[in-house]
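Engineer: Data file work-v2.cif (mmCIF, C-alpha atoms) is appended below.
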```cif
data_protein
#
loop_
_atom_site.label_atom_id
_atom_site.label_comp_id
_atom_site.auth_asym_id
_atom_site.auth_seq_id
_atom_site.Cartn_x
_atom_site.Cartn_y
_atom_site.Cartn_z
CA MET A 1 -8.07 23.94 -41.54
CA GLY A 2 -10.48 26.78 -42.41
CA ASN A 3 -11.12 28.71 -45.63
CA SER A 4 -8.00 30.64 -46.64
CA SER A 5 -10.10 33.54 -47.89
CA SER A 6 -11.26 34.49 -44.40
CA SER A 7 -9.67 37.78 -43.36
CA ASN A 8 -10.28 37.07 -39.65
CA GLN A 9 -7.97 34.06 -39.48
CA THR A 10 -4.40 34.41 -38.28
CA PRO A 11 -1.57 33.57 -40.72
CA LEU A 12 -0.68 30.47 -38.65
CA LEU A 13 -4.18 29.01 -39.02
CA VAL A 14 -4.34 29.89 -42.72
CA LEU A 15 -1.00 28.41 -43.70
CA GLY A 16 -1.23 25.30 -41.52
CA SER A 17 1.53 23.18 -40.00
CA GLY A 18 4.39 24.79 -41.92
CA ALA A 19 3.61 28.21 -40.53
CA LEU A 20 2.98 26.72 -37.10
CA SER A 21 6.48 25.21 -37.05
CA PHE A 22 7.95 28.52 -38.18
CA GLY A 23 5.96 30.34 -35.50
CA VAL A 24 7.10 28.02 -32.73
CA GLY A 25 10.71 28.32 -33.90
CA PHE A 26 10.47 32.12 -33.95
CA LEU A 27 8.89 32.13 -30.48
CA CYS A 28 11.66 29.90 -29.05
CA LYS A 29 14.30 32.19 -30.54
CA GLU A 30 12.65 35.22 -28.98
CA LEU A 31 12.47 33.51 -25.59
CA VAL A 32 16.16 32.58 -25.76
CA ASN A 33 17.10 36.14 -26.63
CA LYS A 34 14.89 37.56 -23.90
CA TYR A 35 15.77 35.25 -21.02
CA LEU A 36 18.86 33.10 -21.47
CA LYS A 37 21.10 35.90 -22.75
CA LYS A 38 20.25 37.82 -19.61
CA ASP A 39 21.02 34.81 -17.36
CA ALA A 40 17.43 34.81 -16.14
CA CYS A 41 15.77 31.49 -15.24
CA THR A 42 18.79 29.47 -16.38
CA PRO A 43 18.15 25.74 -15.91
CA TYR A 44 19.86 24.08 -12.93
CA LEU A 45 22.21 21.96 -14.98
CA LEU A 46 23.56 25.03 -16.79
CA ARG A 47 24.11 27.24 -13.77
CA ASN A 48 27.44 28.24 -12.32
CA PHE A 49 27.65 27.12 -8.72
CA GLU A 50 29.30 28.79 -5.80
CA SER A 51 32.45 27.29 -4.36
CA LEU A 52 32.25 24.32 -2.05
CA SER A 53 34.07 26.38 0.53
CA THR A 54 30.85 28.33 1.10
CA SER A 55 28.84 25.18 1.80
CA LYS A 56 27.63 24.28 5.26
CA GLU A 57 30.26 22.63 7.43
CA CYS A 58 29.95 18.85 7.59
CA LYS A 59 32.47 17.10 9.83
CA ASN A 60 33.50 13.45 9.78
CA ILE A 61 32.14 12.71 6.33
CA ASP A 62 33.76 9.27 6.56
CA LYS A 63 31.49 8.41 9.50
CA LYS A 64 27.76 7.75 9.21
CA GLU A 65 26.80 10.75 11.36
CA GLY A 66 28.83 13.23 9.30
CA PHE A 67 27.75 11.58 6.06
CA LEU A 68 24.12 12.11 7.06
CA GLN A 69 24.79 15.81 7.68
CA LEU A 70 25.89 16.06 4.06
CA PHE A 71 22.62 14.39 3.05
CA ASP A 72 20.65 17.12 4.83
CA GLN A 73 22.61 19.74 2.89
CA LEU A 74 21.91 18.03 -0.44
CA VAL A 75 18.19 17.81 0.35
CA ASP A 76 18.12 21.56 1.01
CA GLU A 77 19.91 22.23 -2.28
CA ILE A 78 17.51 20.07 -4.29
CA GLN A 79 14.54 21.82 -2.70
CA GLU A 80 16.10 25.19 -3.55
CA ASP A 81 16.49 24.01 -7.12
CA MET A 82 12.82 23.06 -7.32
CA ILE A 83 11.92 26.55 -6.09
CA GLU A 84 14.04 28.00 -8.91
CA TYR A 85 11.81 26.08 -11.31
CA GLY A 86 8.76 27.70 -9.75
CA MET A 87 7.54 24.58 -7.96
CA PRO A 88 4.99 25.30 -5.20
CA VAL A 89 5.64 24.56 -1.53
CA ASP A 90 3.49 21.41 -1.47
CA ALA A 91 5.61 19.90 -4.28
CA THR A 92 8.93 20.74 -2.62
CA ASN A 93 7.64 19.39 0.70
CA HIS A 94 6.53 16.18 -1.01
CA MET A 95 9.95 15.72 -2.56
CA LYS A 96 11.65 16.35 0.77
CA ARG A 97 9.53 13.60 2.28
CA VAL A 98 10.37 11.28 -0.64
CA MET A 99 14.08 11.82 -0.09
CA GLU A 100 14.04 11.57 3.69
CA TYR A 101 11.85 8.45 3.66
CA ASN A 102 13.75 6.52 0.99
CA VAL A 103 17.37 7.65 0.66
CA PRO A 104 19.16 7.55 4.03
CA GLY A 105 17.47 4.63 5.80
CA GLY A 106 20.00 1.88 5.10
CA LYS A 107 23.50 1.16 6.36
CA LEU A 108 24.95 3.60 3.77
CA ASN A 109 27.78 1.18 3.03
CA ARG A 110 27.78 2.01 -0.66
CA GLY A 111 28.09 5.74 -0.14
CA LEU A 112 30.67 5.52 2.63
CA THR A 113 32.73 3.10 0.53
CA VAL A 114 33.30 5.90 -2.00
CA VAL A 115 34.78 8.09 0.76
CA HIS A 116 36.82 5.28 2.31
CA THR A 117 38.25 4.27 -1.07
CA ALA A 118 39.52 7.80 -1.70
CA GLN A 119 41.00 7.95 1.79
CA ARG A 120 42.86 4.68 1.24
CA ILE A 121 44.27 5.84 -2.08
CA LEU A 122 45.20 9.41 -1.18
CA GLY A 123 45.69 9.09 2.57
CA LYS A 124 43.37 10.77 5.08
CA GLU A 125 45.91 13.44 5.88
CA ASN A 126 46.15 14.47 2.23
CA ILE A 127 42.45 15.23 1.68
CA SER A 128 41.07 18.61 2.76
CA SER A 129 37.69 18.77 4.46
CA THR A 130 36.30 20.58 1.41
CA GLU A 131 37.51 17.90 -0.99
CA LEU A 132 36.31 15.10 1.28
CA ARG A 133 32.87 16.73 1.34
CA ARG A 134 32.94 16.85 -2.43
CA ILE A 135 33.86 13.17 -2.63
CA GLY A 136 31.05 12.47 -0.18
CA THR A 137 28.54 13.81 -2.69
CA LEU A 138 29.55 10.97 -5.03
CA GLY A 139 28.66 8.56 -2.27
CA TRP A 140 25.24 10.12 -2.05
CA CYS A 141 24.84 9.77 -5.83
CA ILE A 142 25.02 6.00 -5.30
CA GLU A 143 22.61 6.15 -2.36
CA TRP A 144 20.12 8.19 -4.42
CA ILE A 145 20.33 5.66 -7.25
CA GLN A 146 19.82 2.87 -4.72
CA ALA A 147 16.74 4.60 -3.33
CA SER A 148 15.24 4.95 -6.80
CA PHE A 149 15.80 1.25 -7.50
CA LEU A 150 14.24 0.20 -4.20
CA VAL A 151 11.12 2.33 -4.62
CA ALA A 152 10.55 0.86 -8.09
CA ASP A 153 11.54 -2.68 -7.13
CA ASP A 154 9.19 -2.78 -4.15
CA LEU A 155 6.32 -1.67 -6.35
CA MET A 156 7.08 -4.27 -9.03
CA ASP A 157 7.47 -7.05 -6.46
CA SER A 158 4.46 -5.97 -4.37
CA SER A 159 6.73 -5.93 -1.33
CA ILE A 160 5.36 -5.04 2.09
CA THR A 161 8.22 -3.57 4.11
CA ARG A 162 11.61 -2.05 3.43
CA ARG A 163 14.18 -1.13 6.08
CA GLY A 164 11.72 -1.79 8.85
CA GLN A 165 8.96 0.47 7.54
CA PRO A 166 6.18 0.17 4.94
CA CYS A 167 7.40 0.34 1.35
CA TRP A 168 6.97 3.85 -0.02
CA TYR A 169 4.13 2.96 -2.38
CA ARG A 170 2.18 1.38 0.50
CA ASN A 171 1.66 4.74 2.19
CA LYS A 172 -2.03 5.29 1.44
CA GLU A 173 -1.54 8.78 0.01
CA ILE A 174 1.28 7.60 -2.31
CA GLY A 175 0.30 4.48 -4.26
CA MET A 176 1.27 4.80 -7.94
CA ILE A 177 2.76 8.24 -7.34
CA ALA A 178 5.78 6.15 -6.31
CA VAL A 179 6.51 5.54 -10.00
CA ASN A 180 7.18 9.21 -10.62
CA ASP A 181 8.99 9.55 -7.30
CA ALA A 182 11.39 6.78 -8.33
CA LEU A 183 12.10 8.56 -11.63
CA ILE A 184 12.83 11.86 -9.89
CA LEU A 185 15.09 10.20 -7.33
CA LEU A 186 17.09 8.74 -10.20
CA THR A 187 17.44 12.18 -11.79
CA HIS A 188 18.81 13.66 -8.58
CA PHE A 189 22.20 11.99 -9.02
CA GLU A 190 22.65 14.01 -12.21
CA ILE A 191 21.88 17.23 -10.36
CA ILE A 192 24.30 16.43 -7.55
CA LEU A 193 27.08 15.28 -9.87
CA ARG A 194 26.86 18.34 -12.11
CA ARG A 195 26.75 20.68 -9.15
CA TYR A 196 29.91 19.35 -7.55
CA TYR A 197 31.89 17.92 -10.48
CA GLY A 198 30.53 19.75 -13.52
CA ASP A 199 33.75 21.74 -13.94
CA SER A 200 36.08 18.82 -13.21
CA GLU A 201 37.97 16.68 -15.72
CA ALA A 202 36.72 13.74 -13.68
CA PHE A 203 33.11 14.54 -14.60
CA LEU A 204 32.90 12.38 -17.73
CA PRO A 205 34.43 9.22 -16.24
CA LEU A 206 32.33 9.64 -13.09
CA HIS A 207 29.19 10.16 -15.15
CA SER A 208 30.08 7.16 -17.31
CA VAL A 209 30.37 4.87 -14.28
CA LEU A 210 27.07 6.06 -12.83
CA THR A 211 25.05 5.86 -16.05
CA GLU A 212 26.53 2.47 -16.95
CA THR A 213 25.69 1.27 -13.44
CA VAL A 214 22.08 2.40 -13.82
CA TYR A 215 21.79 0.61 -17.17
CA GLN A 216 23.40 -2.59 -15.89
CA THR A 217 21.07 -2.67 -12.90
CA GLU A 218 18.07 -2.15 -15.16
CA LEU A 219 19.25 -5.07 -17.30
CA GLY A 220 19.52 -7.21 -14.20
CA GLN A 221 16.01 -6.20 -13.16
CA THR A 222 14.75 -7.11 -16.64
CA LEU A 223 16.19 -10.61 -16.28
CA ASP A 224 14.74 -10.90 -12.78
CA LEU A 225 11.24 -9.88 -13.84
CA THR A 226 11.14 -11.97 -17.02
CA THR A 227 12.34 -15.04 -15.14
CA GLN A 228 9.33 -14.79 -12.83
CA PRO A 229 6.04 -15.90 -14.37
CA PRO A 230 2.99 -13.63 -14.42
CA GLN A 231 0.86 -13.75 -11.28
CA ASP A 232 -1.28 -16.87 -10.96
CA ASP A 233 0.51 -18.49 -13.88
CA VAL A 234 2.31 -21.82 -13.86
CA VAL A 235 5.92 -21.57 -12.68
CA ASN A 236 8.36 -22.37 -15.47
CA LEU A 237 11.49 -23.62 -13.75
CA ASP A 238 13.21 -24.03 -17.12
CA LEU A 239 13.77 -20.26 -17.07
CA PHE A 240 15.55 -20.38 -13.74
CA THR A 241 19.04 -21.60 -14.61
CA GLU A 242 22.31 -21.06 -12.78
CA SER A 243 23.72 -19.02 -15.66
CA ARG A 244 20.66 -16.76 -15.71
CA TYR A 245 20.78 -16.35 -11.94
CA ASN A 246 24.46 -15.38 -12.13
CA LEU A 247 23.62 -12.73 -14.73
CA ILE A 248 20.84 -11.34 -12.54
CA VAL A 249 23.19 -11.15 -9.56
CA LYS A 250 25.99 -9.63 -11.62
CA TYR A 251 23.95 -6.85 -13.16
CA LYS A 252 21.31 -6.23 -10.49
CA THR A 253 23.64 -6.11 -7.50
CA ALA A 254 27.37 -6.54 -8.03
CA PHE A 255 27.95 -3.48 -10.17
CA TYR A 256 26.05 -0.82 -8.24
CA SER A 257 26.63 -2.22 -4.76
CA PHE A 258 30.31 -3.08 -5.06
CA TYR A 259 32.03 -1.95 -8.26
CA ALA A 260 30.49 1.51 -8.65
CA PRO A 261 31.41 2.79 -5.15
CA ILE A 262 34.99 1.57 -5.53
CA ALA A 263 35.30 2.97 -9.07
CA LEU A 264 33.92 6.38 -8.04
CA GLY A 265 36.41 6.58 -5.17
CA MET A 266 39.24 5.63 -7.51
CA ILE A 267 38.30 8.19 -10.15
CA ALA A 268 37.81 10.93 -7.55
CA SER A 269 41.36 10.12 -6.40
CA GLY A 270 42.79 10.45 -9.91
CA VAL A 271 42.97 6.73 -10.74
CA TYR A 272 41.60 6.62 -14.26
CA ASP A 273 43.60 3.86 -15.98
CA LYS A 274 41.63 1.01 -17.48
CA ALA A 275 43.82 -1.73 -16.00
CA SER A 276 43.16 -0.62 -12.42
CA LEU A 277 39.42 -0.18 -12.98
CA ASP A 278 39.17 -3.57 -14.72
CA ALA A 279 41.00 -5.28 -11.85
CA ALA A 280 38.61 -3.70 -9.36
CA ARG A 281 35.65 -4.78 -11.49
CA VAL A 282 36.67 -8.47 -11.43
CA ILE A 283 37.08 -8.51 -7.65
CA CYS A 284 33.90 -6.54 -6.95
CA ILE A 285 31.73 -8.78 -9.13
CA LYS A 286 32.84 -11.81 -7.12
CA MET A 287 32.11 -9.98 -3.85
CA GLY A 288 28.72 -8.85 -5.13
CA THR A 289 27.77 -12.36 -6.20
CA TYR A 290 28.62 -13.75 -2.77
CA PHE A 291 26.64 -10.98 -1.08
CA GLN A 292 23.52 -11.46 -3.21
CA ILE A 293 23.42 -15.22 -2.67
CA GLN A 294 23.38 -14.55 1.07
CA ASP A 295 20.71 -11.87 0.64
CA ASP A 296 18.48 -14.15 -1.43
CA TYR A 297 18.77 -16.85 1.22
CA LEU A 298 17.61 -14.36 3.87
CA ASP A 299 14.70 -13.30 1.63
CA CYS A 300 13.55 -16.93 1.52
CA TYR A 301 14.18 -18.00 5.09
CA GLY A 302 14.79 -14.86 7.15
CA ASP A 303 12.39 -13.47 9.74
CA PRO A 304 11.01 -10.10 8.48
CA SER A 305 10.96 -8.80 12.05
CA VAL A 306 14.71 -9.40 12.20
CA ILE A 307 15.94 -8.52 8.70
CA GLY A 308 13.51 -5.59 8.21
CA LYS A 309 12.08 -6.66 4.86
#
```
Taking this structure as input, can you express it in the form of structure tokens?
Structural biologist:
Amino acid sequence: MGNSSSSNQTPLLVLGSGALSFGVGFLCKELVNKYLKKDACTPYLLRNFESLSTSKECKNIDKKEGFLQLFDQLVDEIQEDMIEYGMPVDATNHMKRVMEYNVPGGKLNRGLTVVHTAQRILGKENISSTELRRIGTLGWCIEWIQASFLVADDLMDSSITRRGQPCWYRNKEIGMIAVNDALILLTHFEIILRRYYGDSEAFLPLHSVLTETVYQTELGQTLDLTTQPPQDDVVNLDLFTESRYNLIVKYKTAFYSFYAPIALGMIASGVYDKASLDAARVICIKMGTYFQIQDDYLDCYGDPSVIGK
């Protein structure tokens, strides 16, 4: 800090950090008064959104073809949101490529399960096309989360292929950019959920299921990574126990692949009670465990040209 007797120094430089904090606070207040009170440049998550009835028509959401049409609509909306933030064309184009390369390439069973669950509970004839489209966005929340996990997982495992194509990070112009891409993909579920359910009483329970699912999957990934020794190190089989494997399977797969889609469909249909959700959780964990054991077997002994990874 300079000499306080200098008349050429600004008050902020003379008075130091206290004045700097005051100055920043005053500046933030002025910006809020100037912009937010006039509804200018309001962040995406705080905006009011137009009715779903004005959205593009997507038929047969409960079928893969119609479900994919909804994906195209969500990609357009996320790009529009980036433009609202002043992002340049090259950035929005990059993100479109990230989404199209990583999100819709699988069987989409998780996302479609959300829709099918709601149809089973409410009855197909009792769900309007607008409401079914809205429920479909919850399915895409799961698929977006899945895409984020896969991009990160492939990078951590040094995988080669995913869904019959090179893993995202293995594209020569991507590399470690995939880390940030995975983070943004994970954030997209928040944007989609708030857009379509932000004004619904179901928002909090839906958000709770999704955020808990993300955390549980991250815990499972932690167990998976810490069970594996560092590269070129001696394998410690003492770490690989049946109980640890069951925890990995439970948290890394069973919750987000089986329980979360069912729970989202239940909540979207008005089924909130703890007893019903707990019963679904018990069944789905058993199904997820069975599925992952099969998947791990294929990872060890399957032909990559057949299984696509």
Engineer: Carefully work through the PyMOL selection byres ((chain A and resi 272) around 12) for this structure and note down the residues it includes, as a PyMOL selection string.
Structural biologist: chain A and resi 201-206+208-209+263-271+273-278+280
Engineer: Considering only C-alpha atoms, can you say which of A:Cys300, A:Leu138, A:Ile160, A:Ile61 comes closest to A:Lys124?
Structural biologist: A:Ile61
Engineer: So what do you get for atom CA of A:Val306 versus atom CA of A:Leu225, distance-wise?
Structural biologist: 26.3 Å
Engineer: List the residues selected by the PyMOL selection byres ((chain A and resi 190) around 12) in the file shown, writing them as a PyMOL selection string.
Structural biologist: chain A and resi 44-46+78+137-138+140-142+144-145+183-189+191-198+203-204+206-208+210-211+214
Engineer: Which is closer to A:Tyr251 than all the others in A:Asp238, A:Asp233, A:Asp157, A:Glu218, using all atoms listed in the file?
Structural biologist: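 Selected residue with least distance to A:Tyr251: A:Glu218.
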Engineer: Show me, as a VMD selection string, the residues that have an atom within 8 Å of stretch 94-107 of chain A when counting all atoms listed in the file, minus same-chain residues fewer than 2 positions from it.
Structural biologist: chain A and resid 68 71 75 79 90 to 92 109 143 to 144 146 to 147 151 163 168 181 185
Engineer: Of the candidates A:Gly86, A:Ala260, A:Asp303, A:Leu223, which shows the shortest atom-to-atom distance to A:Ser243, using only C-alpha atoms?
Structural biologist: A:Leu223
Engineer: As an exercise, work out the distance from atom CA of A:Ile135 to atom CA of A:Met82 in Å and give it to one decimal place.
Structural biologist: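 If I compute the distance from atom CA of A:Ile135 to atom CA of A:Met82, I get 23.7 Å.
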Engineer: Carefully work through the PyMOL selection byres ((chain A and resi 257) around 12) for this structure and note down the residues it includes, as number ranges by chain.
Structural biologist: A: 108-114, 139, 142-143, 145-146, 149, 210, 213-214, 216-217, 249-256, 258-264, 281, 284-292
Engineer: Which of these, A:Ile83, A:Ala152, A:Ile177, A:Leu70, has the shortest distance to A:Leu132 once you count all atoms listed in the file?
Structural biologist: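 Result for the nearest residue to A:Leu132: A:Leu70.
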Engineer: Quick one, how far is atom CA of A:Phe67 from atom CA of A:Val282?
Structural biologist: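 So the two atoms, atom CA of A:Phe67 and atom CA of A:Val282, lie 28.1 Å apart.
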Engineer: Point out the residue among A:Cys167, A:Leu247, A:Phe240, A:Asn60 with the least atom-to-atom distance to A:Leu150, counting all atoms listed in the file.
Structural biologist: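 Result for the nearest residue to A:Leu150: A:Cys167.
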Engineer: Check the smallest atom-to-atom distance from each of A:Asp224, A:Asp154, A:Glu131, A:Asp76 to A:Pro166 using all atoms listed in the file, then report the winner.
Structural biologist: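 Closest residue, counting all atoms listed in the file: A:Asp154.
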